Structures are given as C-alpha cells and as structure tokens.
>>> print(open('my_file_10.cif').read())   # mmCIF, N, CA and C atoms
data_upload
loop_
_atom_site.group_PDB
_atom_site.id
_atom_site.type_symbol
_atom_site.label_atom_id
_atom_site.label_comp_id
_atom_site.auth_asym_id
_atom_site.auth_seq_id
_atom_site.Cartn_x
_atom_site.Cartn_y
_atom_site.Cartn_z
ATOM 1 N N MET A 19 90.822 84.936 110.433
ATOM 2 C CA MET A 19 90.730 83.665 111.129
ATOM 3 C C MET A 19 89.281 83.282 111.389
ATOM 4 N N SER A 20 88.411 84.272 111.591
ATOM 5 C CA SER A 20 87.010 83.961 111.871
ATOM 6 C C SER A 20 86.338 83.362 110.643
ATOM 7 N N GLY A 21 86.819 83.707 109.439
ATOM 8 C CA GLY A 21 86.282 83.117 108.219
ATOM 9 C C GLY A 21 86.562 81.629 108.164
ATOM 10 N N LEU A 22 87.753 81.232 108.621
ATOM 11 C CA LEU A 22 88.114 79.821 108.649
ATOM 12 C C LEU A 22 87.247 79.062 109.651
ATOM 13 N N LYS A 23 87.002 79.680 110.812
ATOM 14 C CA LYS A 23 86.149 79.039 111.816
ATOM 15 C C LYS A 23 84.734 78.856 111.288
ATOM 16 N N ALA A 24 84.217 79.876 110.618
ATOM 17 C CA ALA A 24 82.867 79.785 110.074
ATOM 18 C C ALA A 24 82.797 78.704 109.008
ATOM 19 N N LYS A 25 83.833 78.611 108.188
ATOM 20 C CA LYS A 25 83.854 77.600 107.133
ATOM 21 C C LYS A 25 83.929 76.199 107.737
ATOM 22 N N MET A 26 84.759 76.037 108.790
ATOM 23 C CA MET A 26 84.853 74.730 109.438
ATOM 24 C C MET A 26 83.532 74.337 110.076
ATOM 25 N N ARG A 27 82.876 75.284 110.708
ATOM 26 C CA ARG A 27 81.595 74.978 111.353
ATOM 27 C C ARG A 27 80.521 74.663 110.333
ATOM 28 N N HIS A 28 80.666 75.218 109.131
ATOM 29 C CA HIS A 28 79.680 74.936 108.081
ATOM 30 C C HIS A 28 79.814 73.492 107.600
ATOM 31 N N TYR A 29 81.052 73.018 107.467
ATOM 32 C CA TYR A 29 81.275 71.686 106.912
ATOM 33 C C TYR A 29 81.380 70.595 107.961
ATOM 34 N N PHE A 30 81.736 70.941 109.180
ATOM 35 C CA PHE A 30 81.870 69.947 110.247
ATOM 36 C C PHE A 30 80.968 70.335 111.401
ATOM 37 N N ASP A 31 80.158 69.387 111.864
ATOM 38 C CA ASP A 31 79.328 69.655 113.026
ATOM 39 C C ASP A 31 80.169 69.500 114.292
ATOM 40 N N ALA A 32 79.569 69.774 115.421
ATOM 41 C CA ALA A 32 80.304 69.738 116.689
ATOM 42 C C ALA A 32 80.846 68.340 116.975
ATOM 43 N N GLY A 33 80.078 67.319 116.669
ATOM 44 C CA GLY A 33 80.527 65.943 116.903
ATOM 45 C C GLY A 33 81.752 65.595 116.088
ATOM 46 N N ALA A 34 81.781 66.020 114.821
ATOM 47 C CA ALA A 34 82.932 65.737 113.966
ATOM 48 C C ALA A 34 84.175 66.462 114.477
ATOM 49 N N LEU A 35 84.018 67.714 114.916
ATOM 50 C CA LEU A 35 85.163 68.452 115.457
ATOM 51 C C LEU A 35 85.696 67.809 116.727
ATOM 52 N N ILE A 36 84.801 67.308 117.568
ATOM 53 C CA ILE A 36 85.232 66.623 118.788
ATOM 54 C C ILE A 36 86.025 65.370 118.439
ATOM 55 N N VAL A 37 85.533 64.614 117.463
ATOM 56 C CA VAL A 37 86.233 63.396 117.041
ATOM 57 C C VAL A 37 87.607 63.737 116.460
ATOM 58 N N ILE A 38 87.687 64.803 115.678
ATOM 59 C CA ILE A 38 88.964 65.220 115.091
ATOM 60 C C ILE A 38 89.975 65.532 116.188
ATOM 61 N N PHE A 39 89.595 66.358 117.133
ATOM 62 C CA PHE A 39 90.528 66.749 118.190
ATOM 63 C C PHE A 39 90.839 65.590 119.134
ATOM 64 N N LEU A 40 89.857 64.737 119.402
ATOM 65 C CA LEU A 40 90.098 63.581 120.255
ATOM 66 C C LEU A 40 91.074 62.618 119.581
ATOM 67 N N THR A 41 90.915 62.408 118.287
ATOM 68 C CA THR A 41 91.837 61.546 117.548
ATOM 69 C C THR A 41 93.251 62.096 117.594
ATOM 70 N N LEU A 42 93.386 63.392 117.409
ATOM 71 C CA LEU A 42 94.707 64.013 117.454
ATOM 72 C C LEU A 42 95.322 63.885 118.848
ATOM 73 N N ILE A 43 94.528 64.114 119.873
ATOM 74 C CA ILE A 43 95.032 64.011 121.253
ATOM 75 C C ILE A 43 95.458 62.578 121.569
ATOM 76 N N LEU A 44 94.643 61.601 121.155
ATOM 77 C CA LEU A 44 94.992 60.201 121.421
ATOM 78 C C LEU A 44 96.242 59.783 120.653
ATOM 79 N N PHE A 45 96.402 60.295 119.424
ATOM 80 C CA PHE A 45 97.594 59.975 118.643
ATOM 81 C C PHE A 45 98.846 60.530 119.327
ATOM 82 N N VAL A 46 98.775 61.767 119.776
ATOM 83 C CA VAL A 46 99.924 62.372 120.465
ATOM 84 C C VAL A 46 100.196 61.633 121.775
ATOM 85 N N ALA A 47 99.148 61.262 122.495
ATOM 86 C CA ALA A 47 99.332 60.516 123.746
ATOM 87 C C ALA A 47 99.967 59.154 123.477
ATOM 88 N N ALA A 48 99.546 58.487 122.399
ATOM 89 C CA ALA A 48 100.139 57.192 122.067
ATOM 90 C C ALA A 48 101.612 57.346 121.724
ATOM 91 N N LEU A 49 101.959 58.416 121.030
ATOM 92 C CA LEU A 49 103.374 58.658 120.733
ATOM 93 C C LEU A 49 104.157 58.902 122.016
ATOM 94 N N TYR A 50 103.565 59.625 122.934
ATOM 95 C CA TYR A 50 104.252 59.945 124.186
ATOM 96 C C TYR A 50 104.485 58.690 125.027
ATOM 97 N N PHE A 51 103.446 57.851 125.145
ATOM 98 C CA PHE A 51 103.544 56.692 126.026
ATOM 99 C C PHE A 51 104.286 55.519 125.403
ATOM 100 N N THR A 52 104.145 55.314 124.097
ATOM 101 C CA THR A 52 104.829 54.179 123.471
ATOM 102 C C THR A 52 106.165 54.574 122.883
ATOM 103 N N GLY A 53 106.349 55.863 122.640
ATOM 104 C CA GLY A 53 107.609 56.314 122.057
ATOM 105 C C GLY A 53 107.673 55.968 120.584
ATOM 106 N N PHE A 54 108.836 56.117 120.029
ATOM 107 C CA PHE A 54 109.023 55.848 118.610
ATOM 108 C C PHE A 54 109.476 54.403 118.422
ATOM 109 N N THR A 55 108.573 53.494 118.735
ATOM 110 C CA THR A 55 108.864 52.070 118.576
ATOM 111 C C THR A 55 108.168 51.564 117.327
ATOM 112 N N HIS A 56 108.141 50.244 117.168
ATOM 113 C CA HIS A 56 107.476 49.665 116.003
ATOM 114 C C HIS A 56 105.965 49.910 116.033
ATOM 115 N N ASP A 57 105.418 50.239 117.201
ATOM 116 C CA ASP A 57 103.987 50.542 117.300
ATOM 117 C C ASP A 57 103.642 51.878 116.661
ATOM 118 N N LEU A 58 104.655 52.662 116.376
ATOM 119 C CA LEU A 58 104.429 53.958 115.746
ATOM 120 C C LEU A 58 103.730 53.795 114.398
ATOM 121 N N LEU A 59 104.106 52.767 113.636
ATOM 122 C CA LEU A 59 103.467 52.538 112.332
ATOM 123 C C LEU A 59 101.987 52.208 112.493
ATOM 124 N N LEU A 60 101.659 51.441 113.490
ATOM 125 C CA LEU A 60 100.256 51.113 113.751
ATOM 126 C C LEU A 60 99.479 52.363 114.145
ATOM 127 N N GLU A 61 100.045 53.158 115.035
ATOM 128 C CA GLU A 61 99.380 54.387 115.461
ATOM 129 C C GLU A 61 99.223 55.361 114.308
ATOM 130 N N ALA A 62 100.261 55.470 113.484
ATOM 131 C CA ALA A 62 100.192 56.356 112.325
ATOM 132 C C ALA A 62 99.139 55.872 111.335
ATOM 133 N N GLY A 63 99.019 54.580 111.156
ATOM 134 C CA GLY A 63 98.001 54.030 110.263
ATOM 135 C C GLY A 63 96.594 54.347 110.743
ATOM 136 N N VAL A 64 96.355 54.177 112.020
ATOM 137 C CA VAL A 64 95.044 54.501 112.583
ATOM 138 C C VAL A 64 94.749 55.982 112.418
ATOM 139 N N PHE A 65 95.745 56.815 112.673
ATOM 140 C CA PHE A 65 95.567 58.257 112.525
ATOM 141 C C PHE A 65 95.270 58.624 111.075
ATOM 142 N N LEU A 66 95.977 58.029 110.131
ATOM 143 C CA LEU A 66 95.752 58.336 108.716
ATOM 144 C C LEU A 66 94.385 57.882 108.233
ATOM 145 N N VAL A 67 93.900 56.779 108.751
ATOM 146 C CA VAL A 67 92.539 56.343 108.402
ATOM 147 C C VAL A 67 91.527 57.368 108.905
ATOM 148 N N SER A 68 91.728 57.858 110.115
ATOM 149 C CA SER A 68 90.830 58.880 110.653
ATOM 150 C C SER A 68 90.881 60.150 109.817
ATOM 151 N N VAL A 69 92.083 60.561 109.417
ATOM 152 C CA VAL A 69 92.221 61.761 108.585
ATOM 153 C C VAL A 69 91.532 61.551 107.243
ATOM 154 N N LYS A 70 91.679 60.379 106.665
ATOM 155 C CA LYS A 70 91.044 60.086 105.375
ATOM 156 C C LYS A 70 89.524 60.182 105.494
ATOM 157 N N LEU A 71 88.957 59.660 106.552
ATOM 158 C CA LEU A 71 87.513 59.747 106.752
ATOM 159 C C LEU A 71 87.064 61.191 106.910
ATOM 160 N N ILE A 72 87.857 61.986 107.597
ATOM 161 C CA ILE A 72 87.530 63.396 107.786
ATOM 162 C C ILE A 72 87.580 64.134 106.454
ATOM 163 N N VAL A 73 88.609 63.865 105.652
ATOM 164 C CA VAL A 73 88.738 64.511 104.343
ATOM 165 C C VAL A 73 87.586 64.098 103.432
ATOM 166 N N MET A 74 87.210 62.829 103.469
ATOM 167 C CA MET A 74 86.075 62.368 102.658
ATOM 168 C C MET A 74 84.788 63.064 103.078
ATOM 169 N N SER A 75 84.587 63.237 104.369
ATOM 170 C CA SER A 75 83.401 63.930 104.864
ATOM 171 C C SER A 75 83.378 65.366 104.375
ATOM 172 N N TYR A 76 84.523 66.032 104.436
ATOM 173 C CA TYR A 76 84.619 67.418 103.963
ATOM 174 C C TYR A 76 84.301 67.509 102.476
ATOM 175 N N LYS A 77 84.889 66.628 101.677
ATOM 176 C CA LYS A 77 84.651 66.658 100.231
ATOM 177 C C LYS A 77 83.190 66.368 99.904
ATOM 178 N N ASN A 78 82.570 65.461 100.641
ATOM 179 C CA ASN A 78 81.151 65.172 100.419
ATOM 180 C C ASN A 78 80.288 66.386 100.734
ATOM 181 N N ASN A 79 80.615 67.095 101.801
ATOM 182 C CA ASN A 79 79.852 68.294 102.150
ATOM 183 C C ASN A 79 80.018 69.393 101.112
ATOM 184 N N VAL A 80 81.237 69.570 100.596
ATOM 185 C CA VAL A 80 81.471 70.564 99.559
ATOM 186 C C VAL A 80 80.702 70.207 98.296
ATOM 187 N N ALA A 81 80.751 68.930 97.911
ATOM 188 C CA ALA A 81 80.033 68.483 96.720
ATOM 189 C C ALA A 81 78.523 68.662 96.892
ATOM 190 N N ALA A 82 78.006 68.372 98.066
ATOM 191 C CA ALA A 82 76.575 68.542 98.316
ATOM 192 C C ALA A 82 76.175 70.011 98.235
ATOM 193 N N ASP A 83 77.009 70.899 98.780
ATOM 194 C CA ASP A 83 76.728 72.330 98.685
ATOM 195 C C ASP A 83 76.722 72.803 97.239
ATOM 196 N N ASN A 84 77.687 72.335 96.446
ATOM 197 C CA ASN A 84 77.723 72.701 95.033
ATOM 198 C C ASN A 84 76.488 72.183 94.301
ATOM 199 N N LEU A 85 76.071 70.982 94.619
ATOM 200 C CA LEU A 85 74.882 70.400 93.996
ATOM 201 C C LEU A 85 73.634 71.200 94.353
ATOM 202 N N HIS A 86 73.501 71.592 95.602
ATOM 203 C CA HIS A 86 72.355 72.403 96.025
ATOM 204 C C HIS A 86 72.339 73.753 95.309
ATOM 205 N N ARG A 87 73.510 74.344 95.151
ATOM 206 C CA ARG A 87 73.604 75.627 94.460
ATOM 207 C C ARG A 87 73.185 75.489 92.986
ATOM 208 N N GLU A 88 73.657 74.440 92.332
ATOM 209 C CA GLU A 88 73.306 74.221 90.930
ATOM 210 C C GLU A 88 71.810 73.923 90.783
ATOM 211 N N LEU A 89 71.253 73.157 91.702
ATOM 212 C CA LEU A 89 69.817 72.867 91.643
ATOM 213 C C LEU A 89 68.993 74.134 91.844
ATOM 214 N N ALA A 90 69.446 75.021 92.711
ATOM 215 C CA ALA A 90 68.731 76.289 92.912
ATOM 216 C C ALA A 90 68.782 77.129 91.640
ATOM 217 N N GLU A 91 69.929 77.121 90.950
ATOM 218 C CA GLU A 91 70.026 77.858 89.693
ATOM 219 C C GLU A 91 69.101 77.273 88.635
ATOM 220 N N ILE A 92 69.044 75.954 88.559
ATOM 221 C CA ILE A 92 68.158 75.293 87.592
ATOM 222 C C ILE A 92 66.699 75.613 87.913
ATOM 223 N N ARG A 93 66.346 75.567 89.196
ATOM 224 C CA ARG A 93 64.976 75.870 89.611
ATOM 225 C C ARG A 93 64.609 77.306 89.231
ATOM 226 N N ALA A 94 65.540 78.241 89.438
ATOM 227 C CA ALA A 94 65.288 79.646 89.092
ATOM 228 C C ALA A 94 65.111 79.806 87.588
ATOM 229 N N LEU A 95 65.915 79.104 86.798
ATOM 230 C CA LEU A 95 65.776 79.175 85.337
ATOM 231 C C LEU A 95 64.448 78.598 84.875
ATOM 232 N N ILE A 96 64.047 77.490 85.447
ATOM 233 C CA ILE A 96 62.764 76.874 85.076
ATOM 234 C C ILE A 96 61.619 77.792 85.440
ATOM 235 N N GLN A 97 61.666 78.403 86.618
ATOM 236 C CA GLN A 97 60.607 79.335 87.007
ATOM 237 C C GLN A 97 60.573 80.548 86.105
ATOM 238 N N ALA A 98 61.742 81.035 85.669
ATOM 239 C CA ALA A 98 61.781 82.171 84.747
ATOM 240 C C ALA A 98 61.177 81.803 83.398
ATOM 241 N N ILE A 99 61.490 80.605 82.913
ATOM 242 C CA ILE A 99 60.920 80.144 81.639
ATOM 243 C C ILE A 99 59.421 79.972 81.763
ATOM 244 N N GLN A 100 58.945 79.403 82.870
ATOM 245 C CA GLN A 100 57.516 79.208 83.056
ATOM 246 C C GLN A 100 56.793 80.542 83.183
ATOM 247 N N SER A 101 57.388 81.514 83.847
ATOM 248 C CA SER A 101 56.723 82.804 83.986
ATOM 249 C C SER A 101 56.669 83.534 82.654
ATOM 250 N N LYS A 102 57.670 83.370 81.786
ATOM 251 C CA LYS A 102 57.667 83.979 80.453
ATOM 252 C C LYS A 102 56.604 83.317 79.582
ATOM 253 N N SER A 103 56.503 81.996 79.637
ATOM 254 C CA SER A 103 55.528 81.294 78.789
ATOM 255 C C SER A 103 54.101 81.522 79.299
ATOM 256 N N GLY A 104 53.949 81.752 80.603
ATOM 257 C CA GLY A 104 52.645 82.035 81.157
ATOM 258 C C GLY A 104 52.167 83.448 80.825
ATOM 259 N N ALA A 105 53.103 84.377 80.654
ATOM 260 C CA ALA A 105 52.766 85.754 80.346
ATOM 261 C C ALA A 105 52.350 85.915 78.899
ATOM 262 N N ASN A 106 52.839 85.012 78.015
ATOM 263 C CA ASN A 106 52.511 85.115 76.589
ATOM 264 C C ASN A 106 51.161 84.624 76.337
#
>>> encode(input="my_file_10.cif", output="structure tokens")
Amino acid sequence: MSGLKAKMRHYFDAGALIVIFLTLILFVAALYFTGFTHDLLLEAGVFLVSVKLIVMSYKNNVAADNLHRELAEIRALIQAIQSKSGAN
C-alpha cells in the first residue's frame, strides 16, 4: 500500500489531492441532501468532469516522466559518443 501512496504523491501534489477528496465529499453530500432526483444527473456530470481533469493531469505527468527518461537516455548516448570521438 505504501507503494501506491508514493506513486500518488509523485503524480499528484497536495493541492490536487485536496481537490480530489473535496470533490468526492461534495458529490456525496449533494447526493445526501438532494437525494436521487433529477439533479443527480447534474451532480454526476460535474463529478465526471472533475474526474476527467484528474485523469488528464495524471496522464500528462506520466507522459512527462517518460519524456524526461528518454531525454536522459539520449543525453547519455550523446555523451558516450562524444567521449569516444574525443578519445580517438
């Protein structure tokens, strides 16, 4: 479980986690106070938009990490090539 916490903290900062939990709490509170009326669709829509933004943020962070890793590999290869050509 600690691996999951570390992974979440890597991709989401404290502000994003607060927004996630606050959105969930407000959604549950809206369900409690309004009940399962026609407003449920509106509340569900707002919640799904928030979830979509969170998922997009996560995917962007993963993509950025992958890009940084690939750039580090390219930099290491270029330095290896330069050190070989400099030694000759």
>>> resolve_selection(input="my_file_10.cif", expression="the PyMOL selection byres (((chain A and resi 31-46 and name CA) around 12) and name CA)", output="PyMOL selection string")
chain A and resi 23-30+47-54+57-73+75-76+79
>>> write_last_selection(input="my_file_10.cif", atoms="N, CA and C atoms", output="mmCIF file, in the coordinates of the input")
data_model
loop_
_atom_site.group_PDB
_atom_site.id
_atom_site.type_symbol
_atom_site.label_atom_id
_atom_site.label_comp_id
_atom_site.auth_asym_id
_atom_site.auth_seq_id
_atom_site.Cartn_x
_atom_site.Cartn_y
_atom_site.Cartn_z
ATOM 1 N N LYS A 23 87.002 79.680 110.812
ATOM 2 C CA LYS A 23 86.149 79.039 111.816
ATOM 3 C C LYS A 23 84.734 78.856 111.288
ATOM 4 N N ALA A 24 84.217 79.876 110.618
ATOM 5 C CA ALA A 24 82.867 79.785 110.074
ATOM 6 C C ALA A 24 82.797 78.704 109.008
ATOM 7 N N LYS A 25 83.833 78.611 108.188
ATOM 8 C CA LYS A 25 83.854 77.600 107.133
ATOM 9 C C LYS A 25 83.929 76.199 107.737
ATOM 10 N N MET A 26 84.759 76.037 108.790
ATOM 11 C CA MET A 26 84.853 74.730 109.438
ATOM 12 C C MET A 26 83.532 74.337 110.076
ATOM 13 N N ARG A 27 82.876 75.284 110.708
ATOM 14 C CA ARG A 27 81.595 74.978 111.353
ATOM 15 C C ARG A 27 80.521 74.663 110.333
ATOM 16 N N HIS A 28 80.666 75.218 109.131
ATOM 17 C CA HIS A 28 79.680 74.936 108.081
ATOM 18 C C HIS A 28 79.814 73.492 107.600
ATOM 19 N N TYR A 29 81.052 73.018 107.467
ATOM 20 C CA TYR A 29 81.275 71.686 106.912
ATOM 21 C C TYR A 29 81.380 70.595 107.961
ATOM 22 N N PHE A 30 81.736 70.941 109.180
ATOM 23 C CA PHE A 30 81.870 69.947 110.247
ATOM 24 C C PHE A 30 80.968 70.335 111.401
ATOM 25 N N ALA A 47 99.148 61.262 122.495
ATOM 26 C CA ALA A 47 99.332 60.516 123.746
ATOM 27 C C ALA A 47 99.967 59.154 123.477
ATOM 28 N N ALA A 48 99.546 58.487 122.399
ATOM 29 C CA ALA A 48 100.139 57.192 122.067
ATOM 30 C C ALA A 48 101.612 57.346 121.724
ATOM 31 N N LEU A 49 101.959 58.416 121.030
ATOM 32 C CA LEU A 49 103.374 58.658 120.733
ATOM 33 C C LEU A 49 104.157 58.902 122.016
ATOM 34 N N TYR A 50 103.565 59.625 122.934
ATOM 35 C CA TYR A 50 104.252 59.945 124.186
ATOM 36 C C TYR A 50 104.485 58.690 125.027
ATOM 37 N N PHE A 51 103.446 57.851 125.145
ATOM 38 C CA PHE A 51 103.544 56.692 126.026
ATOM 39 C C PHE A 51 104.286 55.519 125.403
ATOM 40 N N THR A 52 104.145 55.314 124.097
ATOM 41 C CA THR A 52 104.829 54.179 123.471
ATOM 42 C C THR A 52 106.165 54.574 122.883
ATOM 43 N N GLY A 53 106.349 55.863 122.640
ATOM 44 C CA GLY A 53 107.609 56.314 122.057
ATOM 45 C C GLY A 53 107.673 55.968 120.584
ATOM 46 N N PHE A 54 108.836 56.117 120.029
ATOM 47 C CA PHE A 54 109.023 55.848 118.610
ATOM 48 C C PHE A 54 109.476 54.403 118.422
ATOM 49 N N ASP A 57 105.418 50.239 117.201
ATOM 50 C CA ASP A 57 103.987 50.542 117.300
ATOM 51 C C ASP A 57 103.642 51.878 116.661
ATOM 52 N N LEU A 58 104.655 52.662 116.376
ATOM 53 C CA LEU A 58 104.429 53.958 115.746
ATOM 54 C C LEU A 58 103.730 53.795 114.398
ATOM 55 N N LEU A 59 104.106 52.767 113.636
ATOM 56 C CA LEU A 59 103.467 52.538 112.332
ATOM 57 C C LEU A 59 101.987 52.208 112.493
ATOM 58 N N LEU A 60 101.659 51.441 113.490
ATOM 59 C CA LEU A 60 100.256 51.113 113.751
ATOM 60 C C LEU A 60 99.479 52.363 114.145
ATOM 61 N N GLU A 61 100.045 53.158 115.035
ATOM 62 C CA GLU A 61 99.380 54.387 115.461
ATOM 63 C C GLU A 61 99.223 55.361 114.308
ATOM 64 N N ALA A 62 100.261 55.470 113.484
ATOM 65 C CA ALA A 62 100.192 56.356 112.325
ATOM 66 C C ALA A 62 99.139 55.872 111.335
ATOM 67 N N GLY A 63 99.019 54.580 111.156
ATOM 68 C CA GLY A 63 98.001 54.030 110.263
ATOM 69 C C GLY A 63 96.594 54.347 110.743
ATOM 70 N N VAL A 64 96.355 54.177 112.020
ATOM 71 C CA VAL A 64 95.044 54.501 112.583
ATOM 72 C C VAL A 64 94.749 55.982 112.418
ATOM 73 N N PHE A 65 95.745 56.815 112.673
ATOM 74 C CA PHE A 65 95.567 58.257 112.525
ATOM 75 C C PHE A 65 95.270 58.624 111.075
ATOM 76 N N LEU A 66 95.977 58.029 110.131
ATOM 77 C CA LEU A 66 95.752 58.336 108.716
ATOM 78 C C LEU A 66 94.385 57.882 108.233
ATOM 79 N N VAL A 67 93.900 56.779 108.751
ATOM 80 C CA VAL A 67 92.539 56.343 108.402
ATOM 81 C C VAL A 67 91.527 57.368 108.905
ATOM 82 N N SER A 68 91.728 57.858 110.115
ATOM 83 C CA SER A 68 90.830 58.880 110.653
ATOM 84 C C SER A 68 90.881 60.150 109.817
ATOM 85 N N VAL A 69 92.083 60.561 109.417
ATOM 86 C CA VAL A 69 92.221 61.761 108.585
ATOM 87 C C VAL A 69 91.532 61.551 107.243
ATOM 88 N N LYS A 70 91.679 60.379 106.665
ATOM 89 C CA LYS A 70 91.044 60.086 105.375
ATOM 90 C C LYS A 70 89.524 60.182 105.494
ATOM 91 N N LEU A 71 88.957 59.660 106.552
ATOM 92 C CA LEU A 71 87.513 59.747 106.752
ATOM 93 C C LEU A 71 87.064 61.191 106.910
ATOM 94 N N ILE A 72 87.857 61.986 107.597
ATOM 95 C CA ILE A 72 87.530 63.396 107.786
ATOM 96 C C ILE A 72 87.580 64.134 106.454
ATOM 97 N N VAL A 73 88.609 63.865 105.652
ATOM 98 C CA VAL A 73 88.738 64.511 104.343
ATOM 99 C C VAL A 73 87.586 64.098 103.432
ATOM 100 N N SER A 75 84.587 63.237 104.369
ATOM 101 C CA SER A 75 83.401 63.930 104.864
ATOM 102 C C SER A 75 83.378 65.366 104.375
ATOM 103 N N TYR A 76 84.523 66.032 104.436
ATOM 104 C CA TYR A 76 84.619 67.418 103.963
ATOM 105 C C TYR A 76 84.301 67.509 102.476
ATOM 106 N N ASN A 79 80.615 67.095 101.801
ATOM 107 C CA ASN A 79 79.852 68.294 102.150
ATOM 108 C C ASN A 79 80.018 69.393 101.112
#
>>> atom_distance(input="my_file_10.cif", atom1="CA of Ala82 (chain A)", atom2="CA of Ser101 (chain A)")
28.3 Å
>>> axis_aligned_box(input="my_file_10.cif", around="region 79-94 of chain A", padding_each_side="3 Å", output="AutoDock Vina command-line options")
--center_x 73.0 --center_y 73.5 --center_z 94.9 --size_x 22.9 --size_y 18.7 --size_z 20.6
>>> atom_distance(input="my_file_10.cif", atom1="atom C of Ala98 (chain A)", atom2="atom C of His86 (chain A)")
18.2 Å
>>> atom_distance(input="my_file_10.cif", atom1="CA of Ile96 (chain A)", atom2="CA of Asn78 (chain A)")
26.7 Å
